[in-house]
>>> print(open('start22.txt').read())   # compact mmCIF, C-alpha atoms and all ligand atoms
# COMPACT_ATOMS: atom_id res chain seq x y z
CA MET A 1446 26.36 -15.08 29.61
CA ILE A 1447 24.34 -11.97 30.29
CA ASN A 1448 22.31 -10.96 27.27
CA ASP A 1449 22.35 -7.25 27.91
CA ARG A 1450 21.70 -5.88 24.45
CA PRO A 1451 18.94 -3.46 25.35
CA THR A 1452 17.16 -3.50 21.97
CA ARG A 1453 13.77 -5.20 22.23
CA LEU A 1454 10.25 -5.24 20.89
CA ILE A 1455 7.70 -4.79 23.64
CA VAL A 1456 4.30 -6.36 22.96
CA ASN A 1457 1.37 -5.11 25.03
CA LEU A 1458 -1.02 -8.05 25.18
CA ASP A 1459 -3.68 -6.15 27.15
CA ALA A 1460 -3.90 -3.64 24.30
CA LEU A 1461 -4.11 -6.48 21.79
CA LEU A 1462 -7.00 -8.11 23.64
CA ARG A 1463 -8.85 -4.80 23.89
CA ASN A 1464 -8.33 -4.18 20.16
CA TYR A 1465 -9.78 -7.62 19.39
CA GLU A 1466 -12.83 -6.91 21.57
CA LYS A 1467 -13.46 -3.55 19.94
CA LEU A 1468 -13.16 -4.94 16.41
CA ASN A 1469 -15.23 -8.00 17.21
CA ASN A 1470 -17.94 -5.85 18.80
CA LEU A 1471 -18.30 -3.64 15.72
CA SER A 1472 -20.83 -6.10 14.32
CA ASP A 1473 -22.99 -8.69 16.02
CA LYS A 1474 -23.43 -10.74 12.84
CA LYS A 1475 -19.75 -11.27 12.17
CA VAL A 1476 -17.10 -13.02 14.22
CA GLY A 1477 -13.59 -11.63 14.23
CA LEU A 1478 -11.11 -14.04 12.69
CA ALA A 1479 -7.60 -13.25 13.88
CA ILE A 1480 -5.02 -13.03 11.11
CA VAL A 1481 -1.81 -14.36 12.65
CA LYS A 1482 0.19 -14.93 9.46
CA ALA A 1483 3.87 -14.11 9.16
CA ASN A 1484 4.40 -14.76 12.88
CA SER A 1485 1.53 -12.39 13.75
CA TYR A 1486 2.99 -9.60 11.61
CA GLY A 1487 6.33 -10.21 13.31
CA LEU A 1488 5.03 -9.84 16.86
CA GLY A 1489 5.04 -13.56 17.69
CA SER A 1490 2.16 -15.82 16.69
CA LYS A 1491 2.61 -18.53 19.31
CA VAL A 1492 2.17 -16.22 22.29
CA ILE A 1493 -0.49 -14.11 20.59
CA SER A 1494 -2.58 -17.01 19.27
CA LYS A 1495 -2.44 -18.83 22.60
CA LEU A 1496 -3.58 -15.69 24.40
CA LEU A 1497 -6.44 -15.10 21.96
CA TYR A 1498 -7.45 -18.75 22.27
CA GLU A 1499 -7.46 -18.54 26.06
CA ASN A 1500 -9.69 -15.51 25.72
CA GLY A 1501 -12.25 -17.32 23.61
CA VAL A 1502 -11.14 -16.63 20.04
CA ARG A 1503 -11.82 -19.67 17.84
CA HIS A 1504 -11.11 -18.40 14.31
CA PHE A 1505 -7.60 -17.93 12.97
CA ALA A 1506 -5.89 -17.62 9.62
CA VAL A 1507 -2.30 -17.85 8.43
CA ALA A 1508 -0.55 -17.53 5.08
CA THR A 1509 1.20 -20.90 4.79
CA PHE A 1510 0.65 -24.52 5.77
CA GLU A 1511 3.80 -24.49 7.92
CA GLU A 1512 2.38 -21.56 9.89
CA ALA A 1513 -0.85 -23.51 10.41
CA LEU A 1514 1.03 -26.54 11.80
CA GLU A 1515 2.90 -24.26 14.21
CA LEU A 1516 -0.40 -22.87 15.49
CA LYS A 1517 -1.66 -26.38 16.15
CA GLU A 1518 0.97 -26.64 18.89
CA VAL A 1519 -0.75 -23.91 20.91
CA ILE A 1520 -4.44 -23.86 20.00
CA LYS A 1521 -7.05 -26.60 19.92
CA GLU A 1522 -10.63 -26.68 18.59
CA SER A 1523 -10.56 -23.71 16.24
CA LEU A 1524 -10.84 -22.84 12.62
CA ILE A 1525 -7.33 -22.47 11.21
CA LEU A 1526 -7.47 -21.37 7.61
CA VAL A 1527 -4.45 -21.26 5.29
CA LEU A 1528 -5.01 -18.22 3.06
CA GLY A 1529 -2.35 -19.00 0.48
CA VAL A 1530 -2.16 -21.93 -1.93
CA THR A 1531 -1.17 -25.20 -0.23
CA ASN A 1532 0.47 -28.00 -2.18
CA PRO A 1533 -2.30 -30.64 -2.60
CA LYS A 1534 0.25 -33.25 -1.42
CA ASN A 1535 -0.30 -31.75 2.05
CA VAL A 1536 -4.03 -32.58 2.04
CA LYS A 1537 -3.32 -35.65 4.20
CA TYR A 1538 -1.70 -33.49 6.89
CA ALA A 1539 -4.47 -30.91 6.62
CA VAL A 1540 -7.08 -33.60 7.32
CA GLU A 1541 -5.03 -35.13 10.16
CA ASN A 1542 -4.58 -31.76 11.82
CA ASN A 1543 -8.02 -30.32 11.08
CA ILE A 1544 -6.58 -27.41 9.10
CA SER A 1545 -8.81 -25.69 6.51
CA LEU A 1546 -7.34 -25.00 3.08
CA THR A 1547 -8.04 -22.41 0.44
CA CYS A 1548 -9.28 -23.76 -2.88
CA PRO A 1549 -7.92 -21.33 -5.49
CA SER A 1550 -9.11 -23.17 -8.63
CA LYS A 1551 -10.88 -26.21 -10.03
CA GLU A 1552 -7.53 -27.84 -10.88
CA TRP A 1553 -6.40 -27.52 -7.29
CA LEU A 1554 -9.58 -29.17 -5.99
CA GLU A 1555 -9.20 -32.05 -8.45
CA GLU A 1556 -5.65 -32.66 -7.21
CA ALA A 1557 -6.83 -32.46 -3.59
CA ILE A 1558 -9.59 -34.99 -4.25
CA LYS A 1559 -7.05 -37.44 -5.73
CA GLU A 1560 -5.09 -37.20 -2.49
CA LEU A 1561 -8.25 -37.77 -0.45
CA ASP A 1562 -8.94 -41.13 -2.12
CA SER A 1563 -6.51 -42.96 0.15
CA ILE A 1564 -7.38 -41.04 3.32
CA THR A 1565 -10.11 -41.33 5.90
CA GLY A 1566 -11.51 -38.06 7.15
CA LYS A 1567 -12.72 -34.86 5.55
CA LEU A 1568 -10.92 -31.94 4.02
CA LYS A 1569 -12.34 -28.52 4.89
CA VAL A 1570 -12.05 -25.99 2.11
CA HIS A 1571 -12.75 -22.28 1.66
CA VAL A 1572 -13.24 -21.51 -2.03
CA LYS A 1573 -11.48 -18.31 -3.03
CA ILE A 1574 -13.46 -16.09 -5.37
CA GLU A 1575 -11.57 -13.60 -7.51
CA THR A 1576 -13.43 -10.28 -7.46
CA GLY A 1577 -10.85 -7.63 -8.30
CA MET A 1578 -7.56 -8.22 -6.51
CA ASN A 1579 -6.32 -10.64 -9.18
CA ARG A 1580 -4.09 -12.65 -6.92
CA ILE A 1581 -5.58 -16.13 -6.35
CA GLY A 1582 -9.07 -17.49 -6.84
CA THR A 1583 -11.49 -17.97 -9.66
CA PHE A 1584 -13.85 -15.49 -11.33
CA GLU A 1585 -15.28 -17.61 -14.14
CA GLU A 1586 -18.86 -18.73 -13.67
CA LYS A 1587 -18.18 -21.98 -15.52
CA GLU A 1588 -15.31 -22.86 -13.22
CA ILE A 1589 -17.35 -22.03 -10.14
CA LEU A 1590 -20.10 -24.37 -11.30
CA GLU A 1591 -17.49 -27.10 -11.84
CA ILE A 1592 -16.08 -26.52 -8.35
CA ASP A 1593 -19.62 -26.74 -7.02
CA GLU A 1594 -20.00 -30.15 -8.71
CA LEU A 1595 -16.75 -31.36 -7.15
CA LEU A 1596 -18.07 -30.33 -3.74
CA ASP A 1597 -20.49 -33.28 -4.01
CA TYR A 1598 -17.50 -35.45 -3.16
CA PRO A 1599 -18.22 -36.72 0.37
CA LYS A 1600 -14.70 -36.24 1.72
CA VAL A 1601 -14.76 -32.51 0.98
CA GLU A 1602 -16.50 -30.16 3.38
CA PHE A 1603 -17.45 -26.79 1.87
CA GLU A 1604 -16.62 -24.79 4.96
CA GLY A 1605 -16.32 -21.36 3.43
CA VAL A 1606 -16.28 -19.06 0.47
CA PHE A 1607 -14.32 -15.84 0.48
CA SER A 1608 -12.75 -13.00 -1.42
CA HIS A 1609 -10.42 -10.13 -0.60
CA TYR A 1610 -10.78 -6.34 -0.97
CA SER A 1611 -7.84 -4.70 -2.69
CA ASN A 1612 -8.68 -1.05 -2.01
CA ALA A 1613 -10.77 -1.03 1.17
CA ASP A 1614 -8.31 1.39 2.77
CA GLY A 1615 -8.65 3.79 -0.17
CA GLU A 1616 -10.35 7.15 -0.41
CA ASN A 1617 -13.74 5.96 -1.60
CA ASN A 1618 -15.76 2.74 -1.69
CA ASP A 1619 -16.33 2.42 -5.44
CA TYR A 1620 -13.96 -0.48 -5.97
CA ASP A 1621 -15.23 -2.25 -2.83
CA ASP A 1622 -18.76 -1.98 -4.20
CA TYR A 1623 -17.61 -3.46 -7.50
CA GLN A 1624 -15.89 -6.35 -5.65
CA THR A 1625 -18.86 -6.89 -3.32
CA ALA A 1626 -21.25 -7.10 -6.29
CA ASN A 1627 -18.97 -9.61 -8.04
CA PHE A 1628 -18.72 -11.63 -4.85
CA ASN A 1629 -22.47 -11.77 -4.22
CA ARG A 1630 -23.18 -12.70 -7.84
CA LEU A 1631 -20.60 -15.52 -7.86
CA VAL A 1632 -21.42 -16.88 -4.39
CA ALA A 1633 -25.08 -17.18 -5.42
CA LEU A 1634 -24.07 -19.72 -8.11
CA PHE A 1635 -23.20 -22.43 -5.59
CA LYS A 1636 -25.92 -24.97 -4.85
CA HIS A 1637 -23.88 -26.09 -1.83
CA LYS A 1638 -24.09 -23.64 1.05
CA PRO A 1639 -20.98 -22.97 3.08
CA ARG A 1640 -20.83 -22.30 6.78
CA TYR A 1641 -18.73 -19.15 6.39
CA VAL A 1642 -18.86 -16.29 3.89
CA HIS A 1643 -16.20 -13.61 4.27
CA ILE A 1644 -14.61 -10.74 2.37
CA GLU A 1645 -13.55 -8.10 4.92
CA ASN A 1646 -10.03 -7.28 6.05
CA SER A 1647 -9.37 -4.72 8.82
CA ALA A 1648 -10.41 -1.81 6.61
CA GLY A 1649 -13.62 -3.53 5.50
CA THR A 1650 -14.39 -4.61 9.07
CA VAL A 1651 -14.27 -1.02 10.26
CA LYS A 1652 -16.13 0.46 7.29
CA TYR A 1653 -18.87 -2.11 6.84
CA ASN A 1654 -19.75 -3.06 10.41
CA ASP A 1655 -23.39 -2.07 9.95
CA ARG A 1656 -23.82 -3.05 6.30
CA ASP A 1657 -26.73 -5.32 5.48
CA ASP A 1658 -24.95 -8.38 4.08
CA ASN A 1659 -24.79 -12.15 4.54
CA TYR A 1660 -21.21 -12.37 5.70
CA ASN A 1661 -20.38 -13.94 9.03
CA LEU A 1662 -16.60 -13.59 9.51
CA SER A 1663 -14.33 -10.56 9.36
CA ARG A 1664 -10.62 -11.12 8.93
CA ILE A 1665 -8.75 -8.73 11.16
CA GLY A 1666 -5.01 -8.30 10.83
CA ILE A 1667 -3.23 -5.00 11.24
CA SER A 1668 -5.95 -3.47 13.45
CA LEU A 1669 -5.59 -6.25 15.97
CA TYR A 1670 -2.00 -5.07 16.28
CA GLY A 1671 -3.17 -1.52 16.95
CA CYS A 1672 -2.82 0.17 13.57
CA TYR A 1673 -5.32 1.64 11.15
CA PRO A 1674 -4.88 0.23 7.63
CA SER A 1675 -4.69 3.83 6.38
CA LYS A 1676 -5.48 7.44 7.35
CA ASN A 1677 -8.79 7.07 5.49
CA ILE A 1678 -9.88 4.43 7.98
CA GLU A 1679 -8.53 6.29 11.00
CA LYS A 1680 -10.48 9.41 9.96
CA LEU A 1681 -13.78 7.52 10.19
CA ASN A 1682 -13.37 7.69 13.97
CA LYS A 1683 -15.26 4.45 14.44
CA LEU A 1684 -12.99 2.99 17.06
CA GLU A 1685 -9.98 3.78 19.17
CA LEU A 1686 -7.18 1.29 18.63
CA GLU A 1687 -4.31 0.98 21.09
CA PRO A 1688 -0.71 0.52 19.93
CA VAL A 1689 0.51 -3.00 20.68
CA ALA A 1690 4.18 -2.97 19.65
CA SER A 1691 6.98 -0.69 20.83
CA LEU A 1692 10.56 -0.87 19.60
CA VAL A 1693 12.97 0.32 22.30
CA SER A 1694 16.65 0.36 23.16
CA LYS A 1695 19.14 2.25 25.34
CA VAL A 1696 22.09 4.54 24.67
CA THR A 1697 25.39 2.62 24.84
CA HIS A 1698 27.83 5.46 24.18
CA VAL A 1699 27.87 9.29 24.20
CA LYS A 1700 30.57 11.72 23.18
CA ARG A 1701 31.06 15.40 22.47
CA ILE A 1702 32.69 16.03 19.10
CA PRO A 1703 33.93 19.29 17.60
CA LYS A 1704 32.42 21.26 14.73
CA GLY A 1705 33.37 19.80 11.33
CA THR A 1706 33.61 16.15 12.47
CA LYS A 1707 32.21 13.40 10.22
CA VAL A 1708 29.88 10.70 11.57
CA GLY A 1709 29.24 7.20 10.20
CA TYR A 1710 29.81 5.25 6.98
CA GLY A 1711 30.01 7.26 3.81
CA ILE A 1712 30.83 10.42 5.82
CA SER A 1713 27.32 11.63 5.01
CA TYR A 1714 27.00 13.77 8.16
CA GLU A 1715 29.29 16.52 9.43
CA THR A 1716 28.71 18.41 12.69
CA SER A 1717 27.88 22.08 12.13
CA GLU A 1718 28.97 23.01 15.66
CA ASP A 1719 30.31 21.18 18.70
CA GLU A 1720 27.75 18.41 19.14
CA TYR A 1721 26.84 15.49 21.39
CA ILE A 1722 26.43 12.21 19.56
CA ALA A 1723 24.80 9.17 21.19
CA THR A 1724 25.10 5.63 19.86
CA VAL A 1725 22.18 3.19 19.99
CA PRO A 1726 22.62 -0.58 19.42
CA ILE A 1727 20.03 -1.04 16.70
CA GLY A 1728 20.60 -1.20 12.97
CA TYR A 1729 19.39 -2.61 9.71
CA ALA A 1730 20.07 -6.20 10.81
CA ASP A 1731 17.39 -5.56 13.43
CA GLY A 1732 15.01 -4.17 10.83
CA LEU A 1733 15.71 -0.48 11.38
CA LEU A 1734 16.59 0.23 7.79
CA ARG A 1735 18.99 2.73 6.25
CA ARG A 1736 16.08 4.71 4.84
CA ALA A 1737 15.26 5.81 8.42
CA GLN A 1738 18.29 8.13 8.42
CA GLY A 1739 17.11 11.58 9.53
CA PHE A 1740 14.12 10.30 11.53
CA LYS A 1741 13.93 11.61 15.08
CA LEU A 1742 14.00 8.97 17.82
CA ASN A 1743 12.92 9.74 21.36
CA VAL A 1744 15.88 9.56 23.75
CA ALA A 1745 14.95 10.15 27.40
CA GLY A 1746 12.14 12.44 26.26
CA GLU A 1747 14.29 14.34 23.75
CA GLU A 1748 13.75 14.25 19.98
CA CYS A 1749 17.07 13.12 18.53
CA GLU A 1750 17.74 12.90 14.80
CA ILE A 1751 19.48 9.84 13.36
CA VAL A 1752 22.67 11.31 11.87
CA GLY A 1753 24.95 9.53 9.42
CA ARG A 1754 24.05 6.21 7.86
CA VAL A 1755 22.28 3.54 9.87
CA CYS A 1756 24.83 0.71 10.36
CA MET A 1757 24.06 -3.01 10.48
CA ASP A 1758 23.93 -3.15 14.30
CA GLN A 1759 24.13 0.43 15.56
CA LEU A 1760 23.17 3.98 14.73
CA MET A 1761 24.08 7.46 15.93
CA VAL A 1762 21.80 10.34 16.95
CA ARG A 1763 22.49 14.00 17.69
CA CYS A 1764 21.46 14.86 21.24
CA SER A 1765 21.88 17.41 24.03
CA GLU A 1766 24.55 17.36 26.74
CA LYS A 1767 21.94 15.85 29.09
CA ILE A 1768 21.88 12.43 27.40
CA LYS A 1769 23.90 9.70 29.11
CA VAL A 1770 24.74 6.04 28.66
CA GLY A 1771 21.75 3.90 29.68
CA ASP A 1772 19.08 6.42 28.70
CA ASP A 1773 15.94 4.93 27.14
CA VAL A 1774 15.47 5.12 23.39
CA LEU A 1775 12.06 4.80 21.75
CA VAL A 1776 11.92 4.10 18.00
CA PHE A 1777 8.13 3.72 17.81
CA GLY A 1778 5.28 2.80 20.12
CA GLU A 1779 4.75 3.90 23.71
CA TYR A 1780 7.25 3.68 26.51
CA ASN A 1781 7.70 5.59 29.80
CA ASN A 1782 5.02 8.09 28.79
CA GLN A 1783 6.78 8.82 25.50
CA LYS A 1784 5.04 8.12 22.22
CA ILE A 1785 5.94 7.87 18.54
CA SER A 1786 3.33 6.29 16.30
CA VAL A 1787 4.50 3.50 14.04
CA ASP A 1788 2.61 5.26 11.23
CA GLU A 1789 4.80 8.33 11.65
CA PHE A 1790 7.90 6.12 11.53
CA ALA A 1791 6.52 4.28 8.47
CA ASP A 1792 5.41 7.48 6.65
CA TYR A 1793 8.89 8.91 7.03
CA GLN A 1794 10.23 5.87 5.14
CA LYS A 1795 7.42 5.90 2.55
CA THR A 1796 6.05 2.60 3.75
CA ILE A 1797 3.27 1.17 5.96
CA SER A 1798 3.10 -0.18 9.50
CA TYR A 1799 2.64 -3.73 8.12
CA GLU A 1800 6.10 -3.64 6.54
CA ILE A 1801 7.75 -2.06 9.59
CA PHE A 1802 6.43 -4.83 11.86
CA CYS A 1803 7.27 -7.67 9.47
CA CYS A 1804 10.84 -6.41 8.99
CA ILE A 1805 11.80 -6.54 12.67
CA ASN A 1806 14.40 -9.26 12.68
CA GLN A 1807 14.28 -12.34 14.89
CA ARG A 1808 17.46 -11.06 16.57
CA VAL A 1809 15.32 -8.56 18.46
CA PRO A 1810 13.83 -10.27 21.53
CA ARG A 1811 10.05 -9.94 21.89
CA LYS A 1812 9.01 -9.05 25.45
CA TYR A 1813 5.37 -9.72 26.28
CA TYR A 1814 3.40 -7.81 28.92
CA LEU A 1815 0.04 -8.88 30.31
CA ASN A 1816 -1.55 -7.04 33.27
CA ASN A 1817 1.59 -4.85 33.19
CA THR A 1818 3.73 -7.86 34.08
CA GLU A 1819 6.30 -9.45 31.81
CA LEU A 1820 5.37 -13.00 30.82
C1 LIG A 1901 -3.37 -10.38 5.32
C2 LIG A 1901 -4.77 -10.64 4.95
C3 LIG A 1901 -5.82 -10.09 5.70
C4 LIG A 1901 -5.61 -9.09 6.81
O1 LIG A 1901 -5.44 -7.80 6.27
P1 LIG A 1901 -5.33 -6.54 7.26
O2 LIG A 1901 -5.32 -5.37 6.34
O3 LIG A 1901 -4.04 -6.69 7.99
O4 LIG A 1901 -6.50 -6.59 8.16
C5 LIG A 1901 -7.11 -10.49 5.38
N1 LIG A 1901 -7.35 -11.34 4.37
C6 LIG A 1901 -6.36 -11.88 3.60
C7 LIG A 1901 -6.70 -12.81 2.50
C8 LIG A 1901 -5.04 -11.53 3.86
O5 LIG A 1901 -4.07 -12.04 3.11
>>> encode(input="start22.txt", output="structure tokens")
Amino acid sequence: MINDRPTRLIVNLDALLRNYEKLNNLSDKKVGLAIVKANSYGLGSKVISKLLYENGVRHFAVATFEEALELKEVIKESLILVLGVTNPKNVKYAVENNISLTCPSKEWLEEAIKELDSITGKLKVHVKIETGMNRIGTFEEKEILEIDELLDYPKVEFEGVFSHYSNADGENNDYDDYQTANFNRLVALFKHKPRYVHIENSAGTVKYNDRDDNYNLSRIGISLYGCYPSKNIEKLNKLELEPVASLVSKVTHVKRIPKGTKVGYGISYETSEDEYIATVPIGYADGLLRRAQGFKLNVAGEECEIVGRVCMDQLMVRCSEKIKVGDDVLVFGEYNNQKISVDEFADYQKTISYEIFCCINQRVPRKYYLNNTEL
């Protein structure tokens, strides 16, 4: 069989490596920890993590324990932190595989310690401090002191303490300051001293690179993949990120249809004159959602509006008489000197780049380029 469906997600690994370098170099006190959760925001965590590892990155984080085990297949001596809550029954596998777990509460740590009784080896934990996001973690001083007591247990290694900014991409820093103050106050309660203290995401990493603090890791996600967390962060002009992902396809059909002809499901579009309509094999089953109707794709350098409803596997655009079968289509990213930013594509659909990336279905092949050569 020839798999000739031309829809694919191109991942520029050179750009990704340069983004990592730039983010990591923002501060000489903090090491960049690569967030590779959710399959590296949909771009493919095995290839990306292996590449980062081969280029010296030794700090990674994922959302789930399953994602951590997958990483173990491609990277060796590194910190791999599971950011979400892991079932304490998995403590055995965490110890065996040298995976660090988040401790979200005293109860969780008690359960984990029970599991450790029958195991040799040490469990590495990062205690999650609740400072304002109100997702997981503990904010009560009493509970923190109790966790600190439990950390006396010899099979537990207090590897880190961390929190998470909920508005670091916002218009001002007031809420960050509130969270930072909470964090510093609560971290100071521990008599045990952890190796790592961390609170920054991409937005915090960019904003607070020269802040005087005691943190030594910054958790970089979306910026590694070439996007600013928000316009507020982009406007700071602190660094130039390069787009990493480009969603592309090719025209599979073109026709000229007369004025007054309907196009697509729901007959939501009618031609207002004789028009050329091109069909592109990408639809909502690929992650190009119905809400993108009306957005202008780039077809062989021409801006072409998506007309009619986006179908499951295909969509139609209005184009000029110059467009022919086989012409390149760019949805977002950079391709053949054409460019559409993923933020523009996301803004149009009232969402964010994070969601666009994560929604690209596994049906779309990922094509990796390093030194301008396909891997
Ligand atoms: C996803 C996540 C990050 C990364 O956030 P970005 O905005 O993509 O940099 C950092 N920390 C935690 C706890 C996360 O869940």
>>> closest_atom_pairs(input="start22.txt", of="chain A", to="ligand LIG 1901 (chain A)", cutoff="6 Å", atoms="all atoms listed in the file", output="Markdown table")
| residue | atom | partner | partner_atom | distance |
| --- | --- | --- | --- | --- |
| A:Ile1480 | CA | A:LIG1901 | C4 | 5.9 |
| A:Leu1528 | CA | A:LIG1901 | C7 | 5.7 |
| A:His1609 | CA | A:LIG1901 | C7 | 5.5 |
| A:Asn1646 | CA | A:LIG1901 | O4 | 4.2 |
| A:Ser1647 | CA | A:LIG1901 | O4 | 3.5 |
| A:Arg1664 | CA | A:LIG1901 | C5 | 5.0 |
| A:Ile1665 | CA | A:LIG1901 | O4 | 4.3 |
| A:Gly1666 | CA | A:LIG1901 | O3 | 3.4 |
| A:Ile1667 | CA | A:LIG1901 | O3 | 3.8 |
| A:Pro1674 | CA | A:LIG1901 | O2 | 5.8 |
>>> closest_residue(input="start22.txt", among="A:Ile1805, A:Ile1574, A:Leu1760, A:Val1752", to="Pro1726 (chain A)", atoms="all atoms listed in the file")
A:Leu1760
>>> closest_residue(input="start22.txt", among="A:Lys1491, A:Lys1812, A:Lys1683, A:Lys1559", to="Asn1535 (chain A)", atoms="all atoms listed in the file")
A:Lys1559
>>> closest_atom_pairs(input="start22.txt", of="region 1684-1799 of chain A", to="region 1450-1473 of chain A", cutoff="10 Å", atoms="only C-alpha atoms", output="CSV")
residue,atom,partner,partner_atom,distance
A:Leu1684,CA,A:Lys1467,CA,7.2
A:Glu1685,CA,A:Lys1467,CA,8.2
A:Leu1686,CA,A:Asn1464,CA,5.8
A:Glu1687,CA,A:Ala1460,CA,5.6
A:Pro1688,CA,A:Ala1460,CA,6.8
A:Val1689,CA,A:Asn1457,CA,4.9
A:Ala1690,CA,A:Val1456,CA,4.7
A:Ser1691,CA,A:Ile1455,CA,5.0
A:Leu1692,CA,A:Leu1454,CA,4.6
A:Val1693,CA,A:Arg1453,CA,5.6
A:Ser1694,CA,A:Thr1452,CA,4.1
A:Lys1695,CA,A:Pro1451,CA,5.7
A:Val1696,CA,A:Pro1451,CA,8.6
A:Thr1697,CA,A:Pro1451,CA,8.9
A:Val1725,CA,A:Thr1452,CA,8.6
A:Pro1726,CA,A:Thr1452,CA,6.7
A:Ile1727,CA,A:Thr1452,CA,6.5
A:Gly1728,CA,A:Thr1452,CA,9.9
A:Asp1731,CA,A:Thr1452,CA,8.8
A:Gly1771,CA,A:Pro1451,CA,9.0
A:Asp1773,CA,A:Pro1451,CA,9.1
A:Val1774,CA,A:Thr1452,CA,8.9
A:Leu1775,CA,A:Thr1452,CA,9.7
A:Val1776,CA,A:Leu1454,CA,9.9
A:Phe1777,CA,A:Leu1454,CA,9.7
A:Gly1778,CA,A:Ile1455,CA,8.7
A:Glu1779,CA,A:Ile1455,CA,9.2
A:Tyr1780,CA,A:Ile1455,CA,9.0
>>> atom_distance(input="start22.txt", atom1="CA of Phe1635 (chain A)", atom2="CA of Asp1658 (chain A)")
17.1 Å
>>> atom_distance(input="start22.txt", atom1="CA of Gly1671 (chain A)", atom2="CA of Leu1820 (chain A)")
19.9 Å
>>> atom_distance(input="start22.txt", atom1="CA of Ala1613 (chain A)", atom2="CA of Gly1649 (chain A)")
5.8 Å
>>> residues_around(input="start22.txt", residues="region 1503-1517 of chain A", least_positions_apart="5", cutoff="6 Å", atoms="only C-alpha atoms", output="list of chain:residue names")
A:Leu1478, A:Ala1479, A:Ile1480, A:Val1481, A:Lys1482, A:Ser1523, A:Leu1524, A:Ile1525, A:Leu1526, A:Val1527, A:Leu1528, A:Gly1529
>>> residues_around(input="start22.txt", residues="Cys1764 (chain A)", least_positions_apart="5", cutoff="6 Å", atoms="all atoms listed in the file", output="list in words")
Tyr1721, Ile1722 and Cys1749 of chain A
>>> residues_around(input="start22.txt", residues="Gly1605 (chain A)", least_positions_apart="2", cutoff="7 Å", atoms="only C-alpha atoms", output="VMD selection string")
chain A and resid 1570 to 1572 1603 1607 1639 to 1642
>>> residues_around(input="start22.txt", residues="Leu1596 (chain A)", least_positions_apart="6", cutoff="9 Å", atoms="only C-alpha atoms", output="JSON, numbers by chain")
{"A": [1554, 1602, 1603, 1637]}
>>> closest_residue(input="start22.txt", among="A:Val1530, A:Ala1648, A:Ile1581, A:Val1601", to="Ile1564 (chain A)", atoms="only C-alpha atoms")
A:Val1601
>>> build_atoms(input="start22.txt", residues="region 1808-1820 of chain A", atoms="N, CA and C atoms", output="short mmCIF file (atom, residue, chain, number, x, y, z; two decimals), in the coordinates of the input")
data_model
loop_
_atom_site.label_atom_id
_atom_site.label_comp_id
_atom_site.auth_asym_id
_atom_site.auth_seq_id
_atom_site.Cartn_x
_atom_site.Cartn_y
_atom_site.Cartn_z
N ARG A 1808 16.42 -11.37 15.58
CA ARG A 1808 17.46 -11.06 16.57
C ARG A 1808 16.91 -10.21 17.72
N VAL A 1809 15.88 -9.44 17.44
CA VAL A 1809 15.32 -8.56 18.46
C VAL A 1809 14.39 -9.37 19.37
N PRO A 1810 14.71 -9.48 20.66
CA PRO A 1810 13.83 -10.27 21.53
C PRO A 1810 12.46 -9.60 21.66
N ARG A 1811 11.42 -10.43 21.66
CA ARG A 1811 10.05 -9.94 21.89
C ARG A 1811 9.77 -10.07 23.38
N LYS A 1812 9.34 -9.00 24.01
CA LYS A 1812 9.01 -9.05 25.45
C LYS A 1812 7.52 -8.81 25.60
N TYR A 1813 6.83 -9.78 26.20
CA TYR A 1813 5.37 -9.72 26.28
C TYR A 1813 4.92 -9.24 27.65
N TYR A 1814 3.96 -8.32 27.66
CA TYR A 1814 3.40 -7.81 28.92
C TYR A 1814 1.90 -8.06 28.95
N LEU A 1815 1.46 -8.66 30.08
CA LEU A 1815 0.04 -8.88 30.31
C LEU A 1815 -0.22 -8.42 31.75
N ASN A 1816 -1.29 -7.64 31.96
CA ASN A 1816 -1.55 -7.04 33.27
C ASN A 1816 -0.29 -6.30 33.77
N ASN A 1817 0.39 -5.62 32.86
CA ASN A 1817 1.59 -4.85 33.19
C ASN A 1817 2.72 -5.69 33.78
N THR A 1818 2.66 -7.00 33.57
CA THR A 1818 3.73 -7.86 34.08
C THR A 1818 4.35 -8.59 32.90
N GLU A 1819 5.66 -8.73 32.91
CA GLU A 1819 6.30 -9.45 31.81
C GLU A 1819 6.00 -10.95 31.92
N LEU A 1820 5.65 -11.55 30.80
CA LEU A 1820 5.37 -13.00 30.82
C LEU A 1820 6.65 -13.79 31.02
#
